[in-house]
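Student: Here it is, the structure, as structure tokens.
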2 protein chains.
Amino acid sequence: MTVAINNINIKSLEAFRAIIQTGSATAAGKQLGLTQPGISRLLALLEEHVGFQLFYREKGRLIPSDEALALVKEVELTLNSVERISLLAKNIAQSNLGLLKIVAPNSFIAGPLAEAVASFLQEHPQVNVSLDTHSPERAREIVARRSANCGFIQLPENHPGLICESIITSGTVCAISRQHRLAKNKKITPKDLDNEDLILLGKGRYSRQQIESIFRKKNISMQVKVETHTVAIACTFAKMNVGIAIVNELLAKQYEAKGLVLVPFSPAIKHEYGFIISAHAPMNRLTQSFYQHCKAYFSSNVSAL
Amino acid sequence: MTVAINNINIKSLEAFRAIIQTGSATAAGKQLGLTQPGISRLLALLEEHVGFQLFYREKGRLIPSDEALALVKEVELTLNSVERISLLAKNIAQSNLGLLKIVAPNSFIAGPLAEAVASFLQEHPQVNVSLDTHSPERAREIVARRSANCGFIQLPENHPGLICESIITSGTVCAISRQHRLAKNKKITPKDLDNEDLILLGKGRYSRQQIESIFRKKNISMQVKVETHTVAIACTFAKMNVGIAIVNELLAKQYEAKGLVLVPFSPAIKHEYGFIISAHAPMNRLTQSFYQHCKAYFSSNVSAL
DNA sequence: ATTGTGGTATTACAAATTGTTATAGGGTGG
DNA sequence: CCACCCTATAACAATTTGTAATACCACAAT
């Protein structure tokens, strides 16, 4: 061990401040939950460190010297600064602070994620969120290189720089106008859709391929009336009875309304979303907290699907 | 002893900063003059205190977490603040800093004190000085109640609220025009001054009473041509051969010039100045330092008088 | 494959620090 | 004079803070 009488001690500083504040070592001890001799020693230590008397002893009392009064302001600033560290640490520990950058498909944000984020923000009022949408390829890159904290993406997913956890699963429904003759069906099969006008989206995507392959297997040709890119638009056209949209139930849910009915598509096609983070580094606490929140949220609120 | 794992430790903070700065615990140890296990433990302590991991351990290396990066700025501010305390303490210890309030008679400031203060300021460049003049009574009050740090005053002095140390003694001289017939005398006695025009000052003051009593004893009447209040004016009139001034040698010294000669007055009358401080509190370090400086200065530079 | 280098964590131990209680002594007011 | 309130100090226990020794991992160069 070294000989250094070197380092300033926070406790000494606290004792010093407390003596100045209360006017006596005994009272300072009470304030700090220490005994008077303890305070006395902390003070002696500090005096040894600064190299001069901080109090002169008159009639057995401690009277602050001019030097002490000059020093105490700086000491108070320092102690406040230390307290700020504690406070900041507490906030970080509770994920009460910071910026959470999320990437997710627009439809996912508009659909299930919106409320999940909203409730998370309610629990962590000082947190800021940035929500961005990119192509799936770009989203993967952004998360892998940690330009965003996390993302939501449709499975399957096997990017080597990503860790992916399945977070929610959804079925497939036909969005269909209430006027349509099939609107009262319990389910709709490809056979039912033979010769029907269809509204499809996501050309080239995995989910679209699944649909196409099912029709191919049953040897039913698809009559695509409208080709679009968003669930919202597909549902809008379906509602206007332009045709029948085959869409992700989870994303379509919010557009179910007076004129629009959602009927399960058979055979079942599963859409699965994953929560992705970079494989290069563990989640930070805020992201972890958000992940836990989403898991809980999606398993309780959307399990009915 | 309490169980509290409570208080933040400055050393932990330093270790933390050093790890972030250098990138490894080993290097941090080198920087702080500690061993790697020491750093490792300080870090573990801090992590326990803040409640979350500051670094994740990857391939045996320490990689700062997002939380650590958020915290380190605040930590640096705090450490800077601690360093400021050390610096301030050092400056205070060396009396390099602060305001020194001095009261002294104008003639004393203009005379011997000016250079003493000037050389003190040269040694303590960051010190500021306030010089004020008051009546002797008021000066005593001001110092006693600590509105000034110290003062210089002519003895005798026995104010109960003051501590007084004799600091310099001076003789009495006749300031006399070179033209005057007595200018070549080795000394001047009251008898020499019989029927001479005199210039006197400080009516009612102790030193004036001493002069008057000497003349009275020798039964020589004084012919006071000019009554004034400052040595400077008395010497000015003497130089113009209006009369002979009987003045404090120490204060008159600086007016000695071509046309003005200072001749010792006999019998000797001593003028003694004291350094006064309040009896209610000890000198602060700056005042002590100044006191030491003055003692040394007056004993070496002015002992020839 | 093996070895050297450079990193971390853990253990066991020594020294210093930090707290305690007990005690002595000064000053003040009833 | 005594009770009371203050401070300083001593003696001691617990905790903290340092060290050296060691084990382990990853990587680069034989």
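Please note that chains go A, B, ... in the order of the structure tokens, that every chain numbers its residues from 1, and that ligands are numbered from 1 in the order shown.
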Apply DSSP to the structure's backbone, then extract all residues of range 12-244 of chain A labelled strand (DSSP E or B) and return them as a PyMOL selection string.
Tutor: chain A and resi 55-58+61-64+98-103+127-132+150-154+162-170+172-177+188+198-201+224-228+244
Student: Would you list which chain D residues are within 7 Å of chain B using only C-alpha atoms (C1' of nucleotides), as a list of chain:residue names?
Tutor: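 Every residue of chain D that passes the 7 Å test is in D:DA14, D:DG18, D:DC25, D:DA26.
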Student: Kindly provide, as a PyMOL selection string, the residues of chain C having any atom no farther than 10 Å from an atom of chain B, counting only C-alpha atoms (C1' of nucleotides).
Tutor: chain C and resi 6-10+18-20
Student: Can you write just those residues out, N, CA and C atoms (P, O5', C5', C4', C3', O3' and C1' of nucleotides), as an mmCIF file, in the first residue's frame?
Tutor:
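The result, written out as result.cif:
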```
data_model
loop_
_atom_site.group_PDB
_atom_site.id
_atom_site.type_symbol
_atom_site.label_atom_id
_atom_site.label_comp_id
_atom_site.auth_asym_id
_atom_site.auth_seq_id
_atom_site.Cartn_x
_atom_site.Cartn_y
_atom_site.Cartn_z
ATOM 1 P P DG C 6 2.890 -7.813 -24.340
ATOM 2 O "O5'" DG C 6 1.322 -7.715 -24.105
ATOM 3 C "C5'" DG C 6 0.434 -7.562 -25.217
ATOM 4 C "C4'" DG C 6 -0.963 -7.666 -24.676
ATOM 5 C "C3'" DG C 6 -1.143 -6.869 -23.380
ATOM 6 O "O3'" DG C 6 -2.363 -6.124 -23.426
ATOM 7 C "C1'" DG C 6 -1.834 -9.076 -23.059
ATOM 8 P P DG C 7 -2.619 -4.990 -22.332
ATOM 9 O "O5'" DG C 7 -3.895 -5.530 -21.538
ATOM 10 C "C5'" DG C 7 -5.144 -5.461 -22.181
ATOM 11 C "C4'" DG C 7 -5.983 -6.652 -21.796
ATOM 12 C "C3'" DG C 7 -6.516 -6.661 -20.365
ATOM 13 O "O3'" DG C 7 -7.605 -5.760 -20.231
ATOM 14 C "C1'" DG C 7 -5.964 -8.841 -21.133
ATOM 15 P P DT C 8 -8.131 -5.429 -18.810
ATOM 16 O "O5'" DT C 8 -8.830 -6.759 -18.311
ATOM 17 C "C5'" DT C 8 -10.013 -7.218 -18.973
ATOM 18 C "C4'" DT C 8 -10.608 -8.370 -18.190
ATOM 19 C "C3'" DT C 8 -10.966 -8.007 -16.757
ATOM 20 O "O3'" DT C 8 -12.339 -8.261 -16.503
ATOM 21 C "C1'" DT C 8 -9.579 -9.951 -16.803
ATOM 22 P P DA C 9 -12.932 -8.023 -15.100
ATOM 23 O "O5'" DA C 9 -12.698 -9.413 -14.354
ATOM 24 C "C5'" DA C 9 -13.284 -10.592 -14.877
ATOM 25 C "C4'" DA C 9 -13.150 -11.720 -13.869
ATOM 26 C "C3'" DA C 9 -13.606 -11.364 -12.451
ATOM 27 O "O3'" DA C 9 -14.340 -12.467 -11.939
ATOM 28 C "C1'" DA C 9 -11.322 -12.031 -12.406
ATOM 29 P P DT C 10 -14.987 -12.461 -10.518
ATOM 30 O "O5'" DT C 10 -13.946 -13.281 -9.629
ATOM 31 C "C5'" DT C 10 -13.393 -14.474 -10.155
ATOM 32 C "C4'" DT C 10 -12.441 -15.079 -9.140
ATOM 33 C "C3'" DT C 10 -12.807 -14.795 -7.677
ATOM 34 O "O3'" DT C 10 -12.672 -16.001 -6.966
ATOM 35 C "C1'" DT C 10 -10.581 -14.164 -8.078
ATOM 36 P P DT C 18 -11.060 6.954 5.290
ATOM 37 O "O5'" DT C 18 -12.028 6.225 6.320
ATOM 38 C "C5'" DT C 18 -12.805 5.134 5.851
ATOM 39 C "C4'" DT C 18 -13.732 4.696 6.958
ATOM 40 C "C3'" DT C 18 -14.348 5.867 7.742
ATOM 41 O "O3'" DT C 18 -15.709 5.582 7.957
ATOM 42 C "C1'" DT C 18 -13.308 4.376 9.213
ATOM 43 P P DG C 19 -16.700 6.744 8.326
ATOM 44 O "O5'" DG C 19 -17.148 6.327 9.799
ATOM 45 C "C5'" DG C 19 -18.189 5.440 9.946
ATOM 46 C "C4'" DG C 19 -17.936 4.471 11.075
ATOM 47 C "C3'" DG C 19 -18.179 4.976 12.498
ATOM 48 O "O3'" DG C 19 -19.549 5.002 12.812
ATOM 49 C "C1'" DG C 19 -16.321 3.513 12.409
ATOM 50 P P DT C 20 -20.039 5.746 14.088
ATOM 51 O "O5'" DT C 20 -19.673 4.779 15.293
ATOM 52 C "C5'" DT C 20 -20.151 3.435 15.301
ATOM 53 C "C4'" DT C 20 -19.500 2.666 16.437
ATOM 54 C "C3'" DT C 20 -19.646 3.313 17.806
ATOM 55 O "O3'" DT C 20 -20.780 2.779 18.457
ATOM 56 C "C1'" DT C 20 -17.380 2.624 17.435
#
```
Student: Kindly provide the residues of chain A that approach chain B to within 9 Å, each paired with its closest atom pair and their distance in Å to one decimal, based on only C-alpha atoms, listed by chain and increasing number, as a tab-separated table.
Tutor:
```
residue	atom	partner	partner_atom	distance
A:Asn7	CA	B:Lys11	CA	8.0
A:Ile8	CA	B:Ile10	CA	7.7
A:Asn9	CA	B:Ile10	CA	6.9
A:Ile10	CA	B:Ile10	CA	6.9
A:Lys11	CA	B:Asn7	CA	8.1
A:His49	CA	B:Ser86	CA	8.8
A:Val50	CA	B:Ala89	CA	5.4
A:Gly51	CA	B:Ala93	CA	6.2
A:Phe52	CA	B:Ala93	CA	6.2
A:Tyr56	CA	B:Pro282	CA	7.9
A:Glu58	CA	B:Ala281	CA	8.8
A:Ser65	CA	B:Asn284	CA	6.9
A:Asp66	CA	B:Asn284	CA	6.1
A:Glu67	CA	B:Ile92	CA	6.8
A:Ala70	CA	B:Ile92	CA	8.6
A:Leu71	CA	B:Ala89	CA	7.2
A:Glu74	CA	B:Ile85	CA	6.3
A:Val75	CA	B:Ile85	CA	6.7
A:Leu77	CA	B:Ser81	CA	7.5
A:Thr78	CA	B:Ser81	CA	5.4
A:Leu79	CA	B:Thr78	CA	8.4
A:Asn80	CA	B:Thr78	CA	8.8
A:Ser81	CA	B:Thr78	CA	5.4
A:Val82	CA	B:Thr78	CA	6.1
A:Arg84	CA	B:Glu74	CA	7.7
A:Ile85	CA	B:Glu74	CA	6.3
A:Ser86	CA	B:Val50	CA	7.1
A:Leu88	CA	B:Leu71	CA	7.3
A:Ala89	CA	B:Val50	CA	5.4
A:Lys90	CA	B:Val50	CA	6.7
A:Ile92	CA	B:Glu67	CA	6.8
A:Ala93	CA	B:Phe52	CA	6.2
A:Gly98	CA	B:Ala70	CA	8.8
A:Ala281	CA	B:Tyr56	CA	8.3
A:Pro282	CA	B:Tyr56	CA	7.8
A:Met283	CA	B:Asp66	CA	9.0
A:Asn284	CA	B:Asp66	CA	6.1
A:Arg285	CA	B:Glu67	CA	7.6
```
Student: Taking 3 positions as the minimum chain separation for residues in the same chain, which residues sit within 12 Å of DA11 in chain D when counting only C-alpha atoms (C1' of nucleotides)? Answer as a list in words.
Tutor: DT20, DT21, DA22 and DT23 of chain C
Student: Quick one: residues within 12 Å of Ile142 in chain B, only C-alpha atoms (C1' of nucleotides), excluding same-chain residues fewer than 5 positions away - as number ranges by chain?
Tutor: B: 101-104, 132-137, 147-152, 159, 161-162, 276-278
Student: Leaving out range 120-126 of chain A and any residue of its chain fewer than 4 positions from it, which residues lie within 8 Å of it when counting only C-alpha atoms (C1' of nucleotides), given as a list in words?
Tutor: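 Counting only the stated atoms, we get Ser95, Asn96, Leu97, Gly98, Ala116, Phe290 and His293 of chain A.
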Student: Just to be explicit: take each residue in the selection above, keep N, CA, C and O atoms, and write the result as a PDB file, in the first residue's frame.
Tutor:
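Listing of out08.pdb after writing:
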```
ATOM      1  N   SER A  95     -33.903   2.811 -16.271  1.00  0.00           N
ATOM      2  CA  SER A  95     -34.236   3.083 -17.666  1.00  0.00           C
ATOM      3  C   SER A  95     -35.211   4.240 -17.786  1.00  0.00           C
ATOM      4  O   SER A  95     -36.155   4.212 -18.561  1.00  0.00           O
ATOM      5  N   ASN A  96     -34.996   5.231 -16.958  1.00  0.00           N
ATOM      6  CA  ASN A  96     -35.906   6.373 -16.991  1.00  0.00           C
ATOM      7  C   ASN A  96     -35.448   7.450 -17.953  1.00  0.00           C
ATOM      8  O   ASN A  96     -36.071   8.488 -18.061  1.00  0.00           O
ATOM      9  N   LEU A  97     -34.357   7.198 -18.618  1.00  0.00           N
ATOM     10  CA  LEU A  97     -33.694   8.292 -19.293  1.00  0.00           C
ATOM     11  C   LEU A  97     -33.114   7.772 -20.585  1.00  0.00           C
ATOM     12  O   LEU A  97     -32.716   6.629 -20.676  1.00  0.00           O
ATOM     13  N   GLY A  98     -33.068   8.610 -21.584  1.00  0.00           N
ATOM     14  CA  GLY A  98     -32.321   8.235 -22.764  1.00  0.00           C
ATOM     15  C   GLY A  98     -33.156   8.212 -24.028  1.00  0.00           C
ATOM     16  O   GLY A  98     -34.337   8.549 -24.030  1.00  0.00           O
ATOM     17  N   ALA A 116     -47.857  -0.311 -27.919  1.00  0.00           N
ATOM     18  CA  ALA A 116     -46.781  -0.839 -27.084  1.00  0.00           C
ATOM     19  C   ALA A 116     -45.803   0.285 -26.711  1.00  0.00           C
ATOM     20  O   ALA A 116     -45.398   0.430 -25.548  1.00  0.00           O
ATOM     21  N   PHE A 290     -37.314  -2.113 -22.777  1.00  0.00           N
ATOM     22  CA  PHE A 290     -38.334  -2.040 -23.830  1.00  0.00           C
ATOM     23  C   PHE A 290     -38.693  -3.441 -24.342  1.00  0.00           C
ATOM     24  O   PHE A 290     -39.856  -3.750 -24.585  1.00  0.00           O
ATOM     25  N   HIS A 293     -40.899  -5.107 -21.951  1.00  0.00           N
ATOM     26  CA  HIS A 293     -42.218  -4.487 -22.047  1.00  0.00           C
ATOM     27  C   HIS A 293     -42.991  -5.053 -23.238  1.00  0.00           C
ATOM     28  O   HIS A 293     -44.161  -5.396 -23.131  1.00  0.00           O
TER      29      HIS A 293
END
```
Student: Just list the residues in range 59-297 of chain A DSSP gives alpha helix (DSSP H) on the backbone, as JSON, numbers by chain.
Tutor: {"A": [66, 67, 68, 69, 70, 71, 72, 73, 74, 75, 76, 77, 78, 79, 80, 81, 82, 83, 84, 85, 86, 87, 88, 89, 90, 91, 92, 93, 106, 107, 108, 114, 115, 116, 117, 118, 119, 120, 121, 122, 123, 136, 137, 138, 139, 140, 141, 142, 143, 144, 206, 207, 208, 209, 210, 211, 212, 213, 214, 215, 216, 217, 231, 232, 233, 234, 235, 236, 237, 238, 239, 249, 250, 251, 252, 285, 286, 287, 288, 289, 290, 291, 292, 293, 294, 295, 296, 297]}
Student: Find the spatial neighbours of Gln21 in chain B, counting only C-alpha atoms (C1' of nucleotides), within a cut-off of 10 Å - ignore same-chain residues fewer than 5 positions away - and output them as a ChimeraX atom specification.
Tutor: /B:15-16,27-28,31,72
Student: In Å, how far is it from CA of Gln223 in chain A to CA of Leu193 in chain A?
Tutor: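 Interatomic distance here is 8.8 Å.
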Student: Using only C-alpha atoms (C1' of nucleotides), which protein or nucleic acid residues come within 10 Å of Asn185 in chain A? Drop anything in the same chain fewer than 6 positions from it, and give the result as a list in words.
Tutor: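 Contacts, with the query itself left out: Asp192, Leu262, Val263 and Pro264 of chain A.
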Student: Would you put the residues from that selection into a file with C-alpha atoms, as a compact mmCIF listing (two decimals), in the first residue's frame?
Tutor:
```txt
# COMPACT_ATOMS: atom_id res chain seq x y z
CA ASP A 192 -63.76 -19.68 -52.64
CA LEU A 262 -62.14 -9.90 -41.57
CA VAL A 263 -62.64 -13.58 -42.33
CA PRO A 264 -59.93 -16.16 -41.58
```
